[in-house]
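Colleague: Pasting in a structure now, in structure tokens, and then I'll have a few things to ask.
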Amino acid sequence: MCRKIVAILVALVLTHGVFAAAYLLRFPAWRAPDEGAHFAYIQHLHHEGQLPIFYGKHRGTYEAHQPPLYYLTALLFVAPFLSTAETPLTALYIARVASALWGVIVVVMAFLLALQLKATTPTALPVAALAGVFAALLPVHLLVCASVGNDAIAGATAATTLVWLCRVLLDNVENRLWWRDAAVAGLLCGTALLAKSSNLVLLPLSLVAFLLPDGEASKQPKAQTPLRKSVKSPKRQSEATSSPLSALSLVPFFAAFLLVAGWWLWRNVQLYGDPLGVRAFLEGFRSSPKPSDFLEPTGRYARYGAMSLTTYLMWVTQITFFTWLGIFGEPNEAVKGLARLLEGTEPSKGWVILAMLIGCGLLVAIALGSVETCRNCVRALQERRWRIAFAHALPLLLFLLVFAEFVQFNYHFFQAQARYFYPAHAAMAYLFAVGVMRFVPSHWAWQAVLGGAVVMLTLATIVWWQWAGL
């Protein structure tokens, strides 16, 4: 079984690498959202030797409010190619490679997440493989990995934290090193926050994970499943025998979290007046497009006709859906392409419809996976296994929290871009795989993985061929 796991992981990483490289080379330079500003952040670190300060949209590096982890890691790759005289194209593509490498972690973590949560089922390995296929080939993932920006590292750190929390919740052992588990979770949460501020949603999830009691011992059958028999772990037992984690676990958790991210939060307080610099961000981007610009008769785009709230929400949903599938490439092109499609002047209408049909199927699978996840959670709650229930709920909860952040962001600004869902990409991959396997007999599981791989390969190829070069 271990050989199968390694072989599948190698295949997933190679698949990701081939498609990420293809998208990276085809995606035009400086066309990704805010790619020039993200690259300017890296240049500032190289030339000035210190973090940039955010002064607003029209002064300095307008991505200076971002946490520094991606830019510091990318600098390790691009520093030899930077010069004060010009902005070398080679350095841009090398920085994109850094994003693609962080994308590898997202794919691997999606696989491990499914393998952990489905470890007691005979289809654990096919579910994990399908989750990895989805994570590696969804176009928004490939476009993120083909861009200079901190979305890839945000997804990688969020997925790693999610996998660790599930491991802690599912490992029922005596004499557990709770302080170690809490400290590692704190380190991961702090690292995720240094990747992107939106990863703050991991903090409440982690706190709940460590404060939940174990509940009653699980009544597992003595016979092991094939996966349990093949992957032997001395730290796993068939019954929950550990005692509830004490609130003292919050001490090493917050100590580790503040050790990693405390300096960044304090710097923001000193510079901008709050730990995340939210007020400075809202003030600095106050001239950016807002919902009111489309909804109010006196708005910025009133000359095109004010939209009703229903029309506006449908428009935002359509553009977000298009950017999730990579239709028309980067978000600005997606807006233009949607307009052409509605006017009946889009020449690639057939390919758009095919990609949309595939996308609708993916959404249905994610919805079915969410329902199945809720059922697993309720079943564990009925058995009073609180920590097991929360472990199954974690992917869905992370997705819902990221969605809430997206809604809140779009309340202030017009930002219909699916890349903001990327911190939950591994969680969505798991929900997709669970949704597909829900209606597939266990003896057809690997055929379902093959079918899912064909569908995802088709979608990724269409987007690369038709729109990645726009």
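For the structure tokens, the naming scheme is as follows: chains receive sequential letters (A, B, ...) according to their order of presentation, residues are indexed from 1 within each chain, and ligands are indexed from 1 in presentation order.
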Can you pull out the residues contacting Leu457 in chain A? Cut-off 12 Å, using only C-alpha atoms, and skip same-chain residues under 5 positions away; I want them as a PyMOL selection string.

Modeller: chain A and resi 15-16+18-19+133-139+142+355+358+449-452+462-465

Colleague: Next, the residues of the selection above should be written as an mmCIF file, in the first residue's frame with C-alpha atoms.

Modeller:
data_model
loop_
_atom_site.group_PDB
_atom_site.id
_atom_site.type_symbol
_atom_site.label_atom_id
_atom_site.label_comp_id
_atom_site.auth_asym_id
_atom_site.auth_seq_id
_atom_site.Cartn_x
_atom_site.Cartn_y
_atom_site.Cartn_z
ATOM 1 C CA THR A 15 0.903 15.957 -13.710
ATOM 2 C CA HIS A 16 0.826 19.198 -11.762
ATOM 3 C CA VAL A 18 3.619 19.476 -16.611
ATOM 4 C CA PHE A 19 0.425 21.535 -16.635
ATOM 5 C CA VAL A 133 -6.402 15.058 -9.529
ATOM 6 C CA PHE A 134 -8.929 17.815 -8.884
ATOM 7 C CA ALA A 135 -6.399 19.873 -6.918
ATOM 8 C CA ALA A 136 -3.736 19.509 -9.615
ATOM 9 C CA LEU A 137 -5.850 20.236 -12.697
ATOM 10 C CA LEU A 138 -8.549 22.750 -11.800
ATOM 11 C CA PRO A 139 -7.714 25.779 -14.002
ATOM 12 C CA LEU A 142 -2.982 26.286 -12.611
ATOM 13 C CA ALA A 355 -16.202 24.174 -20.050
ATOM 14 C CA ILE A 358 -17.887 20.481 -16.869
ATOM 15 C CA VAL A 449 -10.798 8.079 -10.639
ATOM 16 C CA LEU A 450 -9.880 7.461 -14.278
ATOM 17 C CA GLY A 451 -13.082 9.112 -15.484
ATOM 18 C CA GLY A 452 -12.537 12.092 -13.200
ATOM 19 C CA ILE A 462 -9.293 23.430 -23.197
ATOM 20 C CA VAL A 463 -8.476 26.387 -20.949
ATOM 21 C CA TRP A 464 -4.764 26.242 -21.807
ATOM 22 C CA TRP A 465 -5.459 26.029 -25.525
#

Colleague: Pull the alpha helix (DSSP H) assignments for range 135-380 of chain A out of DSSP run on the backbone, and list those residues as an MDAnalysis selection string.

Modeller: chainID A and resid 135:137 139:145 151:170 178:195 202:211 226:230 250:272 278:284 291:295 309:325 331:343 349:380

Colleague: If you count only C-alpha atoms, which residues fall within 8 Å of Ala255 in chain A, apart from same-chain ones fewer than 3 positions away, as a VMD selection string?

Modeller: chain A and resid 183 186 251 to 252 258 to 259

Colleague: Got a sec: who's within 12 Å of Leu203 in chain A, counting only C-alpha atoms, leaving out chain neighbours fewer than 2 positions off, as an mmCIF file with N, CA and C atoms, in the first residue's frame?

Modeller:
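Result went into part.cif, see below:
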data_model
loop_
_atom_site.group_PDB
_atom_site.id
_atom_site.type_symbol
_atom_site.label_atom_id
_atom_site.label_comp_id
_atom_site.auth_asym_id
_atom_site.auth_seq_id
_atom_site.Cartn_x
_atom_site.Cartn_y
_atom_site.Cartn_z
ATOM 1 N N ALA A 158 -2.532 26.973 4.236
ATOM 2 C CA ALA A 158 -3.864 26.650 4.766
ATOM 3 C C ALA A 158 -4.125 25.153 4.699
ATOM 4 N N THR A 161 -2.086 23.290 7.362
ATOM 5 C CA THR A 161 -2.697 23.458 8.679
ATOM 6 C C THR A 161 -3.933 22.585 8.827
ATOM 7 N N LEU A 162 -4.745 22.525 7.780
ATOM 8 C CA LEU A 162 -5.955 21.703 7.805
ATOM 9 C C LEU A 162 -5.610 20.230 8.005
ATOM 10 N N LEU A 165 -4.520 19.633 11.666
ATOM 11 C CA LEU A 165 -5.645 19.648 12.600
ATOM 12 C C LEU A 165 -6.446 18.355 12.511
ATOM 13 N N ALA A 182 -0.278 21.201 19.886
ATOM 14 C CA ALA A 182 -0.743 22.587 19.935
ATOM 15 C C ALA A 182 0.323 23.545 19.410
ATOM 16 N N ALA A 185 0.469 23.330 15.644
ATOM 17 C CA ALA A 185 -0.697 24.023 15.083
ATOM 18 C C ALA A 185 -0.510 25.536 15.141
ATOM 19 N N GLY A 186 0.038 26.032 16.246
ATOM 20 C CA GLY A 186 0.308 27.465 16.352
ATOM 21 C C GLY A 186 1.326 27.936 15.330
ATOM 22 N N LEU A 187 2.378 27.142 15.136
ATOM 23 C CA LEU A 187 3.384 27.489 14.129
ATOM 24 C C LEU A 187 2.775 27.530 12.725
ATOM 25 N N LEU A 188 1.930 26.531 12.435
ATOM 26 C CA LEU A 188 1.313 26.481 11.109
ATOM 27 C C LEU A 188 0.335 27.634 10.900
ATOM 28 N N CYS A 189 -0.448 27.955 11.930
ATOM 29 C CA CYS A 189 -1.380 29.081 11.814
ATOM 30 C C CYS A 189 -0.631 30.398 11.634
ATOM 31 N N GLY A 190 0.458 30.568 12.365
ATOM 32 C CA GLY A 190 1.261 31.771 12.216
ATOM 33 C C GLY A 190 1.884 31.869 10.832
ATOM 34 N N THR A 191 2.373 30.744 10.331
ATOM 35 C CA THR A 191 2.949 30.721 8.985
ATOM 36 C C THR A 191 1.892 31.037 7.934
ATOM 37 N N ALA A 192 0.687 30.470 8.114
ATOM 38 C CA ALA A 192 -0.401 30.733 7.171
ATOM 39 C C ALA A 192 -0.782 32.210 7.171
ATOM 40 N N LEU A 193 -0.774 32.839 8.337
ATOM 41 C CA LEU A 193 -1.095 34.262 8.408
ATOM 42 C C LEU A 193 -0.020 35.099 7.732
ATOM 43 N N SER A 197 -3.333 37.391 4.830
ATOM 44 C CA SER A 197 -4.132 37.762 5.999
ATOM 45 C C SER A 197 -5.459 37.015 6.064
ATOM 46 N N SER A 198 -6.010 36.636 4.921
ATOM 47 C CA SER A 198 -7.283 35.922 4.915
ATOM 48 C C SER A 198 -7.194 34.566 5.591
ATOM 49 N N ASN A 199 -5.988 34.039 5.770
ATOM 50 C CA ASN A 199 -5.818 32.766 6.468
ATOM 51 C C ASN A 199 -6.074 32.878 7.966
ATOM 52 N N LEU A 200 -6.455 34.062 8.411
ATOM 53 C CA LEU A 200 -6.823 34.226 9.813
ATOM 54 C C LEU A 200 -7.975 33.306 10.201
ATOM 55 N N VAL A 201 -8.776 32.853 9.225
ATOM 56 C CA VAL A 201 -9.906 31.966 9.519
ATOM 57 C C VAL A 201 -9.447 30.644 10.124
ATOM 58 N N LEU A 205 -10.754 27.888 13.921
ATOM 59 C CA LEU A 205 -10.869 26.453 13.700
ATOM 60 C C LEU A 205 -9.875 25.679 14.564
ATOM 61 N N SER A 206 -8.672 26.201 14.682
ATOM 62 C CA SER A 206 -7.645 25.549 15.501
ATOM 63 C C SER A 206 -8.016 25.575 16.975
ATOM 64 N N LEU A 207 -8.531 26.705 17.437
ATOM 65 C CA LEU A 207 -8.897 26.816 18.849
ATOM 66 C C LEU A 207 -9.995 25.828 19.209
ATOM 67 N N VAL A 208 -10.995 25.706 18.350
ATOM 68 C CA VAL A 208 -12.072 24.740 18.611
ATOM 69 C C VAL A 208 -11.513 23.323 18.614
ATOM 70 N N ALA A 209 -10.617 23.025 17.689
ATOM 71 C CA ALA A 209 -10.047 21.683 17.591
ATOM 72 C C ALA A 209 -9.343 21.275 18.876
ATOM 73 N N PHE A 210 -8.684 22.218 19.545
ATOM 74 C CA PHE A 210 -7.929 21.870 20.744
ATOM 75 C C PHE A 210 -8.747 21.967 22.023
ATOM 76 N N LEU A 250 -3.774 25.900 24.917
ATOM 77 C CA LEU A 250 -3.766 27.211 24.270
ATOM 78 C C LEU A 250 -2.470 27.965 24.553
ATOM 79 N N PHE A 253 0.047 26.851 21.982
ATOM 80 C CA PHE A 253 -0.497 27.257 20.683
ATOM 81 C C PHE A 253 -0.245 28.736 20.433
ATOM 82 N N PHE A 254 -0.663 29.583 21.372
ATOM 83 C CA PHE A 254 -0.498 31.020 21.170
ATOM 84 C C PHE A 254 0.966 31.438 21.256
ATOM 85 N N PHE A 257 2.235 30.632 17.837
ATOM 86 C CA PHE A 257 1.608 31.533 16.864
ATOM 87 C C PHE A 257 2.236 32.925 16.924
ATOM 88 N N LEU A 258 2.384 33.457 18.130
ATOM 89 C CA LEU A 258 2.947 34.800 18.272
ATOM 90 C C LEU A 258 4.432 34.822 17.944
ATOM 91 N N LEU A 398 -13.948 25.245 6.651
ATOM 92 C CA LEU A 398 -12.945 26.135 6.058
ATOM 93 C C LEU A 398 -13.477 26.744 4.767
ATOM 94 N N LEU A 401 -16.021 29.458 5.650
ATOM 95 C CA LEU A 401 -15.390 30.662 6.189
ATOM 96 C C LEU A 401 -14.692 31.463 5.086
#

Colleague: Go through A:His65, A:Arg180, A:Lys349, A:His46 one by one, measure the shortest atom-to-atom distance of each to Leu248 in chain A using only C-alpha atoms, and give the residue with the smallest value.

Modeller: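 Comparing A:His65, A:Arg180, A:Lys349, A:His46 against Leu248 in chain A, the winner is A:Arg180.
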
Colleague: Give me, as a PyMOL selection string, all polymer residues having an atom no more than 9 Å from range 22-37 of chain A, counting only C-alpha atoms and skipping those fewer than 4 positions away in the same chain.

Modeller: chain A and resi 17-18+41-42+61-64+89+92-93+96-97+100+142-149+329-332+464+467-470

Colleague: Residues of range 24-124 of chain A that approach range 426-429 of chain A to 8 Å or less, counting only C-alpha atoms: could you list each one with the shortest pair of atoms and its distance in Å to one decimal, rows by chain and increasing residue number, as a Markdown table?

Modeller:
| residue | atom | partner | partner_atom | distance |
| --- | --- | --- | --- | --- |
| A:Val106 | CA | A:Ala426 | CA | 6.2 |
| A:Val107 | CA | A:Ala426 | CA | 7.1 |
| A:Met109 | CA | A:Ala426 | CA | 6.7 |
| A:Ala110 | CA | A:Ala426 | CA | 4.5 |
| A:Leu113 | CA | A:Ala426 | CA | 7.8 |

Colleague: Write a file of the selected residues as a tab-separated table (two decimals), in the first residue's frame, keeping N, CA and C atoms.

Modeller:
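Output contents, as saved in again.tsv:
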chain	number	residue	atom	x	y	z
A	106	VAL	N	-0.02	22.12	-2.22
A	106	VAL	CA	-1.49	22.09	-2.21
A	106	VAL	C	-1.99	20.74	-2.70
A	107	VAL	N	-1.42	20.25	-3.80
A	107	VAL	CA	-1.85	18.97	-4.38
A	107	VAL	C	-1.58	17.82	-3.41
A	109	MET	N	-1.22	17.95	-0.15
A	109	MET	CA	-2.06	18.06	1.04
A	109	MET	C	-3.50	17.68	0.76
A	110	ALA	N	-3.99	17.97	-0.43
A	110	ALA	CA	-5.34	17.52	-0.79
A	110	ALA	C	-5.41	15.99	-0.77
A	113	LEU	N	-5.18	14.86	2.96
A	113	LEU	CA	-6.41	15.17	3.68
A	113	LEU	C	-7.46	14.09	3.46

Colleague: Please provide as a PyMOL selection string all residues within 7 Å of range 294-297 of chain A, with the sequence filter that same-chain residues fewer than 6 positions apart are discarded (counting only C-alpha atoms).

Modeller: chain A and resi 306-309

Colleague: So which residues touch Gln447 in chain A within 12 Å, counting only C-alpha atoms, skipping near sequence neighbours fewer than 5 positions away, as number ranges by chain?

Modeller: A: 123, 126-127, 129-130, 436-437, 440-442, 452-454

Colleague: Generate a file of the selected residues that holds N, CA and C atoms, formatted as a short mmCIF file (atom, residue, chain, number, x, y, z; two decimals), in the first residue's frame.

Modeller:
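Output contents, as saved in part00.cif:
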data_model
loop_
_atom_site.label_atom_id
_atom_site.label_comp_id
_atom_site.auth_asym_id
_atom_site.auth_seq_id
_atom_site.Cartn_x
_atom_site.Cartn_y
_atom_site.Cartn_z
N THR A 123 -12.34 2.56 0.17
CA THR A 123 -12.05 3.40 -1.01
C THR A 123 -11.19 4.61 -0.66
N PRO A 126 -8.59 5.53 -3.58
CA PRO A 126 -9.20 6.17 -4.76
C PRO A 126 -9.74 7.57 -4.47
N VAL A 127 -10.36 7.78 -3.31
CA VAL A 127 -10.85 9.11 -2.95
C VAL A 127 -9.69 10.09 -2.88
N ALA A 129 -6.78 9.86 -4.39
CA ALA A 129 -6.25 10.08 -5.74
C ALA A 129 -7.12 11.05 -6.52
N LEU A 130 -8.44 10.91 -6.40
CA LEU A 130 -9.34 11.81 -7.13
C LEU A 130 -9.25 13.24 -6.59
N VAL A 436 -18.17 12.57 -5.67
CA VAL A 436 -18.15 11.63 -6.79
C VAL A 436 -18.29 10.19 -6.30
N MET A 437 -17.54 9.85 -5.26
CA MET A 437 -17.52 8.47 -4.78
C MET A 437 -18.78 8.08 -4.03
N VAL A 440 -20.67 5.87 -6.38
CA VAL A 440 -19.89 4.89 -7.14
C VAL A 440 -19.67 3.65 -6.28
N PRO A 441 -20.04 2.45 -6.75
CA PRO A 441 -19.75 1.23 -5.99
C PRO A 441 -18.24 1.09 -5.76
N SER A 442 -17.88 0.49 -4.65
CA SER A 442 -16.46 0.41 -4.28
C SER A 442 -15.63 -0.31 -5.34
N GLY A 452 -12.75 10.74 -13.71
CA GLY A 452 -12.54 12.09 -13.20
C GLY A 452 -11.28 12.72 -13.76
N ALA A 453 -10.22 11.91 -13.89
CA ALA A 453 -8.96 12.42 -14.44
C ALA A 453 -9.13 12.86 -15.89
N VAL A 454 -9.90 12.09 -16.66
CA VAL A 454 -10.14 12.45 -18.07
C VAL A 454 -10.89 13.77 -18.16
#

Colleague: Which of these, A:Asn410, A:Ala393, A:Ala302, A:Val140, has the shortest distance to Cys166 in chain A once you count only C-alpha atoms?

Modeller: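 Residue with the minimum atom-to-atom distance to Cys166 in chain A: A:Ala393.
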
Colleague: Let me make sure I understand: among A:Gly284, A:Gly262, A:Pro395, A:Pro291, which one has the smallest atom-to-atom distance to Tyr411 in chain A if we use only C-alpha atoms?

Modeller: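 Under the stated criterion, the closest residue is A:Pro291.
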
Colleague: How far is it from CA of Val434 in chain A to CA of Glu405 in chain A, in Å with one decimal?

Modeller: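 Distance reported for this atom pair: 24.5 Å.
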
Colleague: To one decimal place, how far is CA of Pro67 in chain A from CA of Thr157 in chain A in Å?

Modeller: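 CA of Thr157 in chain A lies 13.0 Å from CA of Pro67 in chain A.
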
Colleague: Of the residues A:Glu343, A:Leu368, A:Ala460, A:Ala154, which is the one nearest to Val402 in chain A, using only C-alpha atoms?

Modeller: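 Nearest candidate to Val402 in chain A out of A:Glu343, A:Leu368, A:Ala460, A:Ala154: A:Ala154.
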